[in-house]
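J.: Have a look at this one before I ask anything.
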Amino acid sequence: MPEQLQNIVKTVTLNAPIEKAWETVTNAEKLGSWFMPNDFKPLEGHEFTLQSPFGPSPCKVEKVEAPHFVRFAWDTDGWFVTFELKQVGEQTEFTLTHGGWKEASHIIPKANMPADAVQKNMDGGWTMLVGKKLKEFVEA
């Protein structure tokens with residue numbers, strides 16, 4: 001039986017109120033400052049493009065529950081990304097989930113690499129993006 005890859009999940013505590021964190025992850029310009037250039041809008045059904053290192057990635061907003069949750073489909077291989085925000089005192093707990101992975105040997109078309117290798121690279125990328133870039137940007 002092929003090995004199904006697990007979701008990538010990253011959680012960080014941000015020293016900012018939930019409204020500021022929400023703005024940082026749902027405003028296209030601010031999202032582009034820590035993630036990738038995009039034309040995102042937090043509207044269910046909105047189709048947008050992420051400018052990834054492998055070229056433009058078509059995306060679609062699937063669910064929005066401001067200021068706590070947003071989910072979008074990423075590219076054409078079944079991926080999804082969620083941003084979950086929870087107010088904890090004066091801080092915000094932010095959790096990113098990148099799911100929709102297929103089996104380890106599945107070739108990701110744009111990268112032309114097996115899913116397990118892409119997932120390993122993206123796991124490290126998300127650690128840096130969420131744990132460093134997002135945190136620095138939202139706390140500035």
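Each chain in the structure tokens gets a letter, A, B, ..., in the order shown, and its residues are numbered from 1; ligands are numbered from 1 in order too.
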As an NGL selection string, please: all residues of chain A that backbone DSSP puts in helix (DSSP H, G or I).

T.: :A and (18-26 or 28-34 or 115-139)

J.: Excluding same-chain residues fewer than 5 positions from Pro114 of chain A, what lies within 9 Å of it counting only C-alpha atoms, as a short mmCIF file (atom, residue, chain, number, x, y, z; two decimals) with C-alpha atoms, in the first residue's frame?

T.:
data_model
loop_
_atom_site.label_atom_id
_atom_site.label_comp_id
_atom_site.auth_asym_id
_atom_site.auth_seq_id
_atom_site.Cartn_x
_atom_site.Cartn_y
_atom_site.Cartn_z
CA GLU A 103 1.28 9.13 -1.92
CA ALA A 104 5.03 9.66 -1.43
CA SER A 105 5.98 8.53 -4.95
CA HIS A 106 3.38 10.74 -6.73
CA ILE A 107 5.18 13.13 -9.10
CA ILE A 108 4.27 16.79 -8.53
CA PRO A 109 4.02 18.06 -12.13
CA GLN A 119 6.85 17.92 0.95
#

J.: Extract, using only C-alpha atoms, all DNA, RNA and protein residues at most 7 Å from segment 68-81 of chain A, discarding same-chain residues fewer than 5 positions from it, and format them as an NGL selection string.

T.: :A and (57-63 or 86 or 97-101)

J.: Taking only segment 53-102 of chain A into account, list the residues labelled strand (DSSP E) by DSSP (computed from the backbone), as a PyMOL selection string.

T.: chain A and resi 55-65+69-74+79-88+91-99

J.: As a list in words, please: the residues near Ala28 of chain A (cut-off 7 Å, only C-alpha atoms, same-chain neighbours under 2 positions excluded).

T.: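 Non-adjacent residues within range: Thr26, Lys30, Leu31, Gly32, Asn38, Asp39, Phe40 and Lys41 of chain A.
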
J.: Export, as a PDB file, in the first residue's frame, the selected residues with C-alpha atoms.

T.:
ATOM      1  CA  THR A  26      -5.534  37.967   4.205  1.00  0.00           C
ATOM      2  CA  LYS A  30       0.876  41.917   3.307  1.00  0.00           C
ATOM      3  CA  LEU A  31       0.535  38.222   2.428  1.00  0.00           C
ATOM      4  CA  GLY A  32       3.035  38.814  -0.371  1.00  0.00           C
ATOM      5  CA  ASN A  38      -0.511  37.139  -5.134  1.00  0.00           C
ATOM      6  CA  ASP A  39      -3.880  38.709  -5.848  1.00  0.00           C
ATOM      7  CA  PHE A  40      -5.682  37.085  -2.900  1.00  0.00           C
ATOM      8  CA  LYS A  41      -8.981  38.387  -1.514  1.00  0.00           C
TER       9      LYS A  41
END

J.: For the atom pair atom CA of Thr82 of chain A and atom CA of Glu65 of chain A, what is the interatomic distance in Å to one decimal place?

T.: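 These two atoms are separated by 11.2 Å.
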
J.: Nearest residue to Gln87 of chain A out of A:Pro67, A:Pro42, A:Gln51, A:Asn7, using only C-alpha atoms?

T.: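 For Gln87 of chain A, the nearest of the given residues is A:Pro67.
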
J.: Neighbouring residues of Thr92 of chain A were defined as those with any atom within 9 Å, considering only C-alpha atoms; residues of the same chain fewer than 4 positions away were excluded. Please report them as a short mmCIF file (atom, residue, chain, number, x, y, z; two decimals) with N, CA and C atoms, in the first residue's frame.

T.:
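What follows is the written file part.cif:
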data_model
loop_
_atom_site.label_atom_id
_atom_site.label_comp_id
_atom_site.auth_asym_id
_atom_site.auth_seq_id
_atom_site.Cartn_x
_atom_site.Cartn_y
_atom_site.Cartn_z
N VAL A 12 2.49 28.95 15.48
CA VAL A 12 3.36 29.96 16.07
C VAL A 12 2.48 30.92 16.88
N THR A 13 3.05 31.44 17.96
CA THR A 13 2.37 32.47 18.74
C THR A 13 2.90 33.82 18.30
N LEU A 14 1.98 34.68 17.89
CA LEU A 14 2.33 36.01 17.41
C LEU A 14 2.02 37.04 18.47
N ASN A 15 2.96 37.94 18.71
CA ASN A 15 2.75 39.01 19.68
C ASN A 15 2.00 40.15 19.00
N ALA A 16 0.74 39.87 18.69
CA ALA A 16 -0.13 40.84 18.02
C ALA A 16 -1.57 40.42 18.23
N PRO A 17 -2.49 41.39 18.22
CA PRO A 17 -3.91 41.03 18.33
C PRO A 17 -4.38 40.31 17.07
N ILE A 18 -5.45 39.56 17.20
CA ILE A 18 -5.95 38.74 16.10
C ILE A 18 -6.28 39.58 14.86
N ALA A 21 -3.08 40.19 12.95
CA ALA A 21 -2.63 38.94 12.35
C ALA A 21 -3.51 38.57 11.15
N LEU A 85 -6.58 31.16 13.17
CA LEU A 85 -6.13 32.15 14.14
C LEU A 85 -7.00 32.08 15.38
N LYS A 86 -6.34 32.15 16.54
CA LYS A 86 -7.05 32.09 17.81
C LYS A 86 -6.44 33.14 18.74
N GLN A 87 -7.31 34.02 19.28
CA GLN A 87 -6.86 35.04 20.22
C GLN A 87 -6.52 34.35 21.55
N VAL A 88 -5.32 34.61 22.06
CA VAL A 88 -4.89 34.06 23.35
C VAL A 88 -4.34 35.24 24.15
#

J.: Grab the atom CA of His46 of chain A to atom CA of Lys120 of chain A distance for me, in Å with one decimal place.

T.: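 Distance reported for this atom pair: 29.0 Å.
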
J.: Which polymer residues have any atom within 9 Å of an atom of segment 121-124 of chain A, counting only C-alpha atoms, with same-chain residues fewer than 5 positions away left out, as an mmCIF file with N, CA and C atoms, in the first residue's frame?

T.:
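Written out: selection.cif:
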data_model
loop_
_atom_site.group_PDB
_atom_site.id
_atom_site.type_symbol
_atom_site.label_atom_id
_atom_site.label_comp_id
_atom_site.auth_asym_id
_atom_site.auth_seq_id
_atom_site.Cartn_x
_atom_site.Cartn_y
_atom_site.Cartn_z
ATOM 1 N N ILE A 8 1.313 19.061 6.437
ATOM 2 C CA ILE A 8 2.300 19.911 7.097
ATOM 3 C C ILE A 8 1.504 20.839 8.009
ATOM 4 N N VAL A 9 1.883 20.912 9.283
ATOM 5 C CA VAL A 9 1.195 21.788 10.235
ATOM 6 C C VAL A 9 2.244 22.594 10.982
ATOM 7 N N LYS A 10 2.072 23.915 10.985
ATOM 8 C CA LYS A 10 2.996 24.823 11.678
ATOM 9 C C LYS A 10 2.176 25.761 12.556
ATOM 10 N N HIS A 98 -0.952 22.643 5.507
ATOM 11 C CA HIS A 98 -0.806 22.431 4.056
ATOM 12 C C HIS A 98 -1.085 20.956 3.827
ATOM 13 N N ASP A 116 7.084 13.202 -1.793
ATOM 14 C CA ASP A 116 7.791 13.202 -0.505
ATOM 15 C C ASP A 116 8.959 14.192 -0.512
ATOM 16 N N LEU A 129 8.881 30.442 6.747
ATOM 17 C CA LEU A 129 7.874 31.456 6.434
ATOM 18 C C LEU A 129 6.999 31.798 7.637
#
